[in-house]
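Reviewing the structure listed below.
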Amino acid sequence: MRALLLQYYERISASYWFIPSLMAIGAAILAFVLIEFDALVPNDALGNSPFLYATQPDGARAILSAIGGSMIGVAGTVFSVTMAAVVFASGSFGPRLLTNFMNDRGNQITLGVFVATFVYSMLVLRAVRDGGADSGFGQMFVPNLAIFGAILLAIGSIGVLIYFIHHVPSNIHISNVIAGIGMSLLKRIETDFPAEPVRSVEDDAAIRWQVPECFRVDGENTQESDPPPWADVASDRVGYLQIVDRESLIEAARKDEVVVRLTCRPGVFVHRGRTLFQAWPAERVDDETRGRLLSSLAAGNSRSPRQDINFLFDELVEIAGRALSPGVNDPYTAITAMDWLKAAMAAIAGRFPGDPYIVDDNGRLRAIIEAGQFADFLEIGFGHLRQYAASDMIAGEHFINCLGEILPSCRTDHQRQAVMQQVTAYLALAREALSGASLETIEKAAAKVAAKQ
C-alpha cells in the first residue's frame with residue numbers, strides 16, 4: 001500500500017493540473033478572506049488614497065471583468081504554447097523526454113498563476129453590490145481591499161508572463177535539456193552511491209554471514225536441489241516496475257521471518273507470472289506472505305526516474321543517438337550528451353557501489369537487491385552509444401577522449417579494464433565503418449587513451 005501511495009503522489013505532483021488546482025483553491029480562499037475583511041473594516045481604515053479604492057460598483061466591475069477576462073485568455077495561450085513546445089521537444093529529442101517537460105515546475109506555476117487570478121477576480125466580482133432600494137441587494141458594497149488585491153495579482157501575472165516567454169525557449173534549448181538530465185543523474189549518483197563505505201568491514205562481514213547459502217554466488221553455482229530451497233513470488237501486475245518501498249519490504253520479510261531476494265530492478269517490464277522475489281525458506285511462504293511482498297512494489301505504464309537510474313542514462317543515449325542518425329547528423333549535440341555521460345561515469349568510478357543488503361533496525365538481513373556495478377553502467381551509457389558514434393569521426397574521437405578522461409577517476413583495475421574494453425569494442429566497429437584519415441584520427445585517440453592506462 002505504501003508503494004502505491006508513493007506512486008500516486010509522484011503521479012499527482014508531476015501532473016499538469018495539480019499545482020494550478022492548488023493555486024486556484026488558494027486564490028478562492030484569499031478572495032473570501034479579503035471580502036470578509038472588507039465587510040468588517042470601515043472604508044477609511046487605511047486612509048482615503050484614491051489608489052486603494054474603486055469607490056463605485058461600476059468601476060469595480062470594470063476592473064475585475066478586465067482582469068478576469070484577460071487572465072483566462074492568457075491562460076489558454078500559455079497552455080497552447082506549452083503543448084507546442086512539448087510536441088516539438090518530444091519529436092526532436094525523443095518521446096521519453098515528454099515526462100521532463102510535463103514535470104517542469106515553471107510551466108505548472110505559470111498556468112496556475114493565471115488560473116488563480118481568474119478565479120480570484122470572478123469571486124470578488126460576485127461580491128460587488130449596488131445600493132438603493134430598487135436594487136434588491138440592500139446597502140452598496142465594494143470590496144476595495146479585495147479589488148486592490150486583484151490589481152496586485154494582475155501586475156504579478158504580467159511578471160510571470162515575461163518569465164514564461166523567456167522560460168519556454170530556454171527550456172527546449174538542447175544544451176539545457178541535456179544539462180537538466182545530467183544534473184538529475186549526478187544527484188541520483190550522489191544518493192545511490194556512497195562516498196564512503198556504508199558500514200565497517202566487521203559489520204559487512206556479519207551481514208554477509210546472514211545471507212542464505214542458496215543466495216550466495218557460489219551457493220547458486222554449486223547447490224543443486226529440486227525444488228529449490230526458496231519460494232518464487234510471481235508478479236500479479238503488468239507494467240514497468242517504478243517503486244520498491246524498502247520499509248514495506250522489511251516489514252513483510254520480518255513478519256514471516258524470511259530473507260527475500262529481488263530478482264529485477266526498477267525500470268524492468270514485468271508481467272503476470274514473472275518471478276519478482278525469491279523468499280527463503282520456502283516453507284514459511286504462503287499466499288499472505290506473497291501478498292505482503294507484492295504490496296511493496298508499484299508498476300506503471302512508463303518508466304520513472306524516481307528509482308530507475310538507468311532511465312536517465314537511456315535519455316542521454318537517446319538524444320545522442322538521434323543526433324547521430326543520418327537524417328539529423330548533429331555530432332555536437334551528441335558530444336554534449338557524451339560530456340554528461342562522462343561526468344556521470346567519473347562520479348560512479350570515484351564512489352562505492354550501492355548497498356545490496358537491506359537490514360532492519362536490529363541489524364537482521366531482510367532483503368537483497370541487486371546493486372549495479374561500474375561496468376554495467378558504462379555499458380548502458382557508452383556501450384549502447386558506440387554503434388551510433390562508430391560511423392562519425394567527430395563524435396567518435398570525442399567518444400574515445402571521454403573514455404580516456406574517465407580513467408583517472410577509476411579506483412580499481414576492474415574499472416580501468418572495463419573502460420579499455422569499451423575502447424577496444426569501439427575500435428572494432430570504427431574499423432568497419434571508417435577508413436583513411438578518419439580512421440587514423442580515431443586510432444590516434446585510442447592510442448593516447450591506452451598510454452594513460
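Just so we're on the same page: first chain in the C-alpha cells is A, next is B, and so on; residues restart at 1 for each chain, and ligands are numbered from 1 in the order they show up.
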For Ser175 (chain A), list every protein, DNA or RNA residue within 12 Å, evaluated using only C-alpha atoms, and leave out those in the same chain fewer than 6 positions away; present the list as an NGL selection string. :A and (93 or 169 or 181-183 or 316 or 319-320 or 332-340)
Can you list, as number ranges by chain, every residue of region 165-400 of chain A that DSSP puts in strand (DSSP E)? A: 231-234, 239-244, 259-262, 269-270, 275-280, 297-300, 357-359, 365-369
Write a file of the selected residues as a compact mmCIF listing (two decimals), in the first residue's frame, keeping C-alpha atoms.
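Final file, part-v7.txt:
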```txt
# COMPACT_ATOMS: atom_id res chain seq x y z
CA ALA A 231 9.85 -19.90 -2.93
CA ASP A 232 9.22 -17.83 -6.05
CA VAL A 233 6.86 -14.87 -5.72
CA ALA A 234 5.39 -14.10 -9.15
CA GLY A 239 3.90 -2.72 -16.43
CA TYR A 240 7.23 -1.11 -15.68
CA LEU A 241 8.45 -1.52 -12.13
CA GLN A 242 8.53 2.02 -10.71
CA ILE A 243 8.68 1.85 -6.91
CA VAL A 244 10.35 -0.57 -4.49
CA VAL A 259 15.06 -13.42 3.63
CA VAL A 260 14.00 -12.03 0.26
CA ARG A 261 15.96 -11.52 -2.93
CA LEU A 262 14.54 -9.12 -5.53
CA PHE A 269 8.93 -4.51 -17.55
CA VAL A 270 7.11 -7.15 -15.52
CA THR A 275 9.25 -14.03 -10.67
CA LEU A 276 9.87 -10.82 -8.72
CA PHE A 277 11.04 -12.25 -5.39
CA GLN A 278 12.76 -15.35 -4.13
CA ALA A 279 11.93 -15.88 -0.45
CA TRP A 280 13.87 -18.24 1.83
CA LEU A 297 6.11 -2.77 -5.32
CA ALA A 298 4.32 -0.46 -7.71
CA ALA A 299 4.24 -0.73 -11.50
CA GLY A 300 3.03 1.70 -14.14
CA TYR A 357 21.68 -5.61 1.67
CA ILE A 358 18.54 -4.31 3.35
CA VAL A 359 18.57 -4.78 7.11
CA LEU A 365 19.18 -9.17 6.98
CA ARG A 366 15.75 -8.93 5.37
CA ALA A 367 16.25 -8.45 1.65
CA ILE A 368 18.87 -8.47 -1.07
CA ILE A 369 18.62 -6.11 -4.03
```
Just give me the gap between CA of Arg129 (chain A) and CA of Val33 (chain A) in Å, one decimal is fine. 17.3 Å
So which residues touch Asp204 (chain A) within 12 Å, counting only C-alpha atoms, skipping near sequence neighbours fewer than 3 positions away, as a ChimeraX atom specification? /A:197-201,207-211,355-359,363-365
With DSSP run on the backbone, what are the alpha helix (DSSP H) residues within region 40-246 of chain A? I'd like them as a PyMOL selection string. chain A and resi 40+57-93+98-102+105-127+144-171+174-192+201-210+217-222+246
Show which residues sit within 9 Å of Ile406 (chain A), as a VMD selection string. Count only C-alpha atoms, and ignore same-chain residues fewer than 6 positions away. chain A and resid 342 to 343 345 to 346 349 416 419
Serialized selection, N, CA and C atoms, as a short mmCIF file (atom, residue, chain, number, x, y, z; two decimals), in the first residue's frame:
```
data_model
loop_
_atom_site.label_atom_id
_atom_site.label_comp_id
_atom_site.auth_asym_id
_atom_site.auth_seq_id
_atom_site.Cartn_x
_atom_site.Cartn_y
_atom_site.Cartn_z
N LYS A 342 30.10 11.20 -19.45
CA LYS A 342 31.45 11.12 -18.88
C LYS A 342 31.46 11.58 -17.43
N ALA A 343 30.78 12.70 -17.15
CA ALA A 343 30.72 13.20 -15.77
C ALA A 343 30.04 12.20 -14.85
N MET A 345 29.88 8.85 -15.27
CA MET A 345 30.72 7.68 -15.07
C MET A 345 31.92 8.00 -14.18
N ALA A 346 32.47 9.18 -14.29
CA ALA A 346 33.56 9.57 -13.40
C ALA A 346 33.09 9.64 -11.96
N ALA A 349 32.69 6.05 -10.73
CA ALA A 349 34.01 5.43 -10.53
C ALA A 349 34.64 5.88 -9.22
N ARG A 416 39.20 0.11 -14.71
CA ARG A 416 40.07 0.50 -15.83
C ARG A 416 39.96 -0.51 -16.97
N VAL A 419 36.80 0.19 -18.93
CA VAL A 419 36.96 1.33 -19.83
C VAL A 419 37.72 0.92 -21.09
#
```
Fewer than 6 positions away in the same chain doesn't count, so skip those; otherwise give me all residues within 10 Å of Arg292 (chain A), counting only C-alpha atoms, as a CSV table (one decimal) with C-alpha atoms, in the first residue's frame.
```csv
chain,number,residue,atom,x,y,z
A,1,MET,CA,0.0,0.0,0.0
A,248,SER,CA,7.3,-2.2,3.4
A,249,LEU,CA,9.7,-4.9,2.1
A,251,GLU,CA,8.1,-5.2,7.4
A,252,ALA,CA,6.9,-8.0,5.1
A,253,ALA,CA,10.0,-10.1,5.5
A,255,LYS,CA,6.6,-10.6,9.8
A,256,ASP,CA,7.2,-14.1,8.3
```
